[in-house]
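Chemist: File follows, target.cif with mmCIF, C-alpha atoms:
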```
data_final
loop_
_atom_site.group_PDB
_atom_site.id
_atom_site.type_symbol
_atom_site.label_atom_id
_atom_site.label_comp_id
_atom_site.auth_asym_id
_atom_site.auth_seq_id
_atom_site.Cartn_x
_atom_site.Cartn_y
_atom_site.Cartn_z
ATOM 1 C CA MET A 6 30.572 17.759 -176.791
ATOM 2 C CA LYS A 7 27.910 15.706 -175.040
ATOM 3 C CA LYS A 8 27.799 13.417 -178.059
ATOM 4 C CA LEU A 9 31.549 12.721 -177.679
ATOM 5 C CA ILE A 10 31.447 12.055 -173.922
ATOM 6 C CA LYS A 11 28.421 9.731 -173.958
ATOM 7 C CA PRO A 12 30.234 6.709 -175.535
ATOM 8 C CA LEU A 13 32.997 6.993 -172.910
ATOM 9 C CA LEU A 14 30.442 6.983 -170.096
ATOM 10 C CA ASN A 15 28.588 3.991 -171.541
ATOM 11 C CA ASP A 16 31.733 1.841 -171.677
ATOM 12 C CA LYS A 17 32.373 0.709 -168.116
ATOM 13 C CA PHE A 18 36.102 0.093 -168.618
ATOM 14 C CA THR A 19 36.886 3.577 -169.876
ATOM 15 C CA PHE A 20 34.514 5.186 -167.387
ATOM 16 C CA TRP A 21 36.092 3.476 -164.386
ATOM 17 C CA GLY A 22 39.595 3.995 -165.765
ATOM 18 C CA PHE A 23 39.145 7.738 -166.059
ATOM 19 C CA PHE A 24 37.126 7.976 -162.829
ATOM 20 C CA ILE A 25 39.712 6.168 -160.695
ATOM 21 C CA SER A 26 42.442 8.226 -162.383
ATOM 22 C CA LEU A 27 40.658 11.406 -161.380
ATOM 23 C CA LEU A 28 40.281 10.128 -157.817
ATOM 24 C CA ALA A 29 43.993 9.276 -157.641
ATOM 25 C CA PHE A 30 44.893 12.719 -158.953
ATOM 26 C CA LEU A 31 42.606 14.487 -156.478
ATOM 27 C CA THR A 32 43.881 12.326 -153.618
ATOM 28 C CA SER A 33 47.498 13.232 -154.339
ATOM 29 C CA LEU A 34 46.587 16.909 -154.674
ATOM 30 C CA ILE A 35 44.642 16.990 -151.399
ATOM 31 C CA TYR A 36 47.307 14.962 -149.568
ATOM 32 C CA THR A 37 49.985 17.382 -150.721
ATOM 33 C CA ALA A 38 47.900 20.421 -149.809
ATOM 34 C CA ILE A 39 47.233 19.085 -146.303
ATOM 35 C CA PHE A 40 50.879 18.417 -145.484
ATOM 36 C CA TYR A 41 52.401 21.285 -147.488
ATOM 37 C CA GLN A 42 53.074 23.519 -144.470
ATOM 38 C CA SER A 43 54.884 20.783 -142.560
ATOM 39 C CA LEU A 44 57.230 19.900 -145.443
ATOM 40 C CA PRO A 45 60.882 20.948 -145.188
ATOM 41 C CA PRO A 46 62.263 23.519 -147.665
ATOM 42 C CA PHE A 47 64.180 20.835 -149.608
ATOM 43 C CA MET A 48 62.965 17.332 -150.486
ATOM 44 C CA PRO A 49 64.499 14.389 -152.409
ATOM 45 C CA LEU A 50 62.439 14.650 -155.597
ATOM 46 C CA TYR A 51 64.940 13.854 -158.358
ATOM 47 C CA ASN A 52 65.884 10.275 -157.580
ATOM 48 C CA LYS A 53 67.597 9.597 -160.909
ATOM 49 C CA LEU A 54 70.320 12.159 -160.256
ATOM 50 C CA PRO A 55 73.569 11.333 -158.413
ATOM 51 C CA TRP A 56 73.861 11.756 -154.667
ATOM 52 C CA GLY A 57 74.057 15.183 -153.175
ATOM 53 C CA PHE A 58 72.292 18.477 -153.514
ATOM 54 C CA ALA A 59 71.265 17.730 -157.127
ATOM 55 C CA ARG A 60 68.616 15.258 -155.886
ATOM 56 C CA LEU A 61 66.857 17.848 -153.787
ATOM 57 C CA GLY A 62 63.972 19.979 -154.948
ATOM 58 C CA THR A 63 62.317 22.916 -153.274
ATOM 59 C CA LYS A 64 58.948 22.708 -151.554
ATOM 60 C CA PRO A 65 56.808 24.019 -154.470
ATOM 61 C CA GLU A 66 58.402 21.493 -156.841
ATOM 62 C CA ILE A 67 56.281 18.739 -155.266
ATOM 63 C CA PHE A 68 53.449 20.062 -157.443
ATOM 64 C CA ILE A 69 55.349 19.436 -160.711
ATOM 65 C CA PRO A 70 54.428 15.720 -160.992
ATOM 66 C CA ILE A 71 50.847 16.503 -159.993
ATOM 67 C CA THR A 72 50.564 19.200 -162.662
ATOM 68 C CA ILE A 73 52.092 16.980 -165.334
ATOM 69 C CA THR A 74 49.683 14.205 -164.374
ATOM 70 C CA PHE A 75 46.709 16.553 -164.649
ATOM 71 C CA LEU A 76 47.805 17.713 -168.110
ATOM 72 C CA PHE A 77 48.342 14.087 -169.119
ATOM 73 C CA TYR A 78 44.861 13.235 -167.809
ATOM 74 C CA LEU A 79 43.214 16.021 -169.777
ATOM 75 C CA GLY A 80 45.114 15.153 -172.937
ATOM 76 C CA ASN A 81 44.244 11.460 -172.725
ATOM 77 C CA PHE A 82 40.619 12.190 -171.910
ATOM 78 C CA PHE A 83 40.101 14.486 -174.886
ATOM 79 C CA LEU A 84 42.065 12.174 -177.165
ATOM 80 C CA ALA A 85 40.004 9.182 -176.036
ATOM 81 C CA MET A 86 36.833 11.201 -176.513
ATOM 82 C CA HIS A 87 37.681 11.766 -180.183
ATOM 83 C CA ILE A 88 39.225 8.351 -180.888
ATOM 84 C CA TYR A 89 36.738 6.104 -179.064
ATOM 85 C CA PRO A 90 33.971 6.186 -181.719
ATOM 86 C CA LYS A 91 36.455 4.987 -184.359
ATOM 87 C CA SER A 92 38.494 2.594 -182.219
ATOM 88 C CA PRO A 93 37.112 1.550 -178.818
ATOM 89 C CA LEU A 94 40.210 -0.514 -178.071
ATOM 90 C CA LEU A 95 42.462 2.526 -178.382
ATOM 91 C CA GLY A 96 40.166 4.502 -176.090
ATOM 92 C CA ARG A 97 40.355 1.729 -173.507
ATOM 93 C CA ILE A 98 44.145 1.615 -173.784
ATOM 94 C CA LEU A 99 44.280 5.371 -173.161
ATOM 95 C CA ALA A 100 42.078 4.923 -170.081
ATOM 96 C CA LEU A 101 44.350 2.162 -168.762
ATOM 97 C CA VAL A 102 47.542 4.129 -169.388
ATOM 98 C CA ASN A 103 45.987 7.141 -167.739
ATOM 99 C CA LEU A 104 45.010 5.048 -164.730
ATOM 100 C CA LEU A 105 48.559 3.730 -164.346
ATOM 101 C CA VAL A 106 50.158 7.172 -164.647
ATOM 102 C CA CYS A 107 47.794 8.734 -162.107
ATOM 103 C CA LEU A 108 48.181 5.878 -159.627
ATOM 104 C CA LEU A 109 51.971 5.853 -159.893
ATOM 105 C CA THR A 110 52.135 9.615 -159.437
ATOM 106 C CA ALA A 111 49.886 9.392 -156.382
ATOM 107 C CA ILE A 112 52.135 6.670 -154.930
ATOM 108 C CA PHE A 113 55.241 8.768 -155.676
ATOM 109 C CA VAL A 114 53.839 11.837 -153.931
ATOM 110 C CA TRP A 115 52.583 9.787 -150.992
ATOM 111 C CA LYS A 116 55.954 8.044 -150.569
ATOM 112 C CA ILE A 117 57.944 11.299 -150.733
ATOM 113 C CA ILE A 118 55.737 12.999 -148.160
ATOM 114 C CA THR A 119 55.679 10.025 -145.787
ATOM 115 C CA LEU A 120 59.452 9.629 -146.134
ATOM 116 C CA ILE A 121 59.971 13.199 -145.017
ATOM 117 C CA LEU A 122 57.372 13.337 -142.265
#
```
The structure in this file should be written as structure tokens.

Modeler:
Amino acid sequence: MKKLIKPLLNDKFTFWGFFISLLAFLTSLIYTAIFYQSLPPFMPLYNKLPWGFARLGTKPEIFIPITITFLFYLGNFFLAMHIYPKSPLLGRILALVNLLVCLLTAIFVWKIITLIL
């Protein structure tokens, strides 16, 4: 396992991509945990749906995007760990995609919470 992680840590692009992704994920998780008690029972989480009650989600559903992001992070990290020795470019692309997904999820959670509070 250490042999697979070492090439990712030596490449600065993949290291910083996964590190900033982890920070964005942890920031959104901590931000949600801090303001969880002050959130209303229903929040506008499903913005693609038509107007009305269908757009609203319950309070625990704010953790759905965070959970999906964490699973996406783990999947990309392990995939990059196995692919990087064969194709460094693909490992870097996975780090970049992971960074974008984590940052956009953190922005989504931050915007929803600040909209409500």

Chemist: Which residues fall under the PyMOL selection byres ((chain A and resi 117) around 12) in this file, as an NGL selection string?

Modeler: :A and (33 or 36-37 or 40-41 or 44-45 or 47-52 or 61-62 or 64 or 66-68 or 70 or 110-116 or 118-122)

Chemist: Just checking: using all atoms listed in the file, which residue out of A:Pro65, A:Leu95, A:Leu108, A:Tyr89 ends up closest to Asn15 of chain A?

Modeler: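 Among the listed residues, the smallest separation from Asn15 of chain A belongs to A:Tyr89.
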
Chemist: Which one is closest to Arg97 of chain A: A:Leu13, A:Ile35, A:Ile73, A:Leu109? Count only C-alpha atoms.

Modeler: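 Looking at the shortest contact to Arg97 of chain A, the residue is A:Leu13.
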
Chemist: Which residue is closest to Phe77 of chain A? Choose from A:Ser43, A:Ser92, A:Ser26, A:Thr19 and count all atoms listed in the file.

Modeler: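 Among the listed residues, A:Ser26 lies closest to Phe77 of chain A.
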
Chemist: Since I can't run it myself right now, could you work out what the PyMOL selection byres ((chain A and resi 18) around 12) selects here and report it as a PyMOL selection string?

Modeler: chain A and resi 12-17+19-25+93-101+104

Chemist: Write out as a count of residues only each polymer residue whose atoms come within 9 Å of Phe75 of chain A, counting all atoms listed in the file; drop sequence neighbours fewer than 5 positions from it.

Modeler: 5

Chemist: Atom CA of Lys7 of chain A to atom CA of Leu105 of chain A: how many Å, to one decimal?

Modeler: 26.2 Å

Chemist: Can you work out the spacing between atom CA of Leu79 of chain A and atom CA of Leu54 of chain A in Å, to one decimal?

Modeler: 29.0 Å

Chemist: So, counting all atoms listed in the file, which residue among A:Ile39, A:Ala59, A:Val106, A:Leu34 is closest to Ile71 of chain A?

Modeler: A:Leu34

Chemist: Edge lengths and centre in Å to one decimal, as JSON, of the axis-aligned box that encloses all listed atoms of segment 92-108 of chain A with 6 Å added on every side?

Modeler:
```
{"center_x": 43.6, "center_y": 4.1, "center_z": -170.9, "size_x": 25.0, "size_y": 21.2, "size_z": 34.6}
```

Chemist: Quick one, how far is atom CA of Thr32 of chain A from atom CA of Arg60 of chain A?

Modeler: 25.0 Å

Chemist: Taking all atoms listed in the file into account, which of A:Asn103, A:Thr63, A:Gly57, A:Ala38 comes nearest Phe83 of chain A?

Modeler: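 So, comparing all the options, the nearest one is A:Asn103.
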
Chemist: For Met6 of chain A, find every residue with an atom within 10 Å (counting all atoms listed in the file), except residues of its own chain fewer than 3 positions away, and show them as a PyMOL selection string.

Modeler: chain A and resi 9-11+86-87
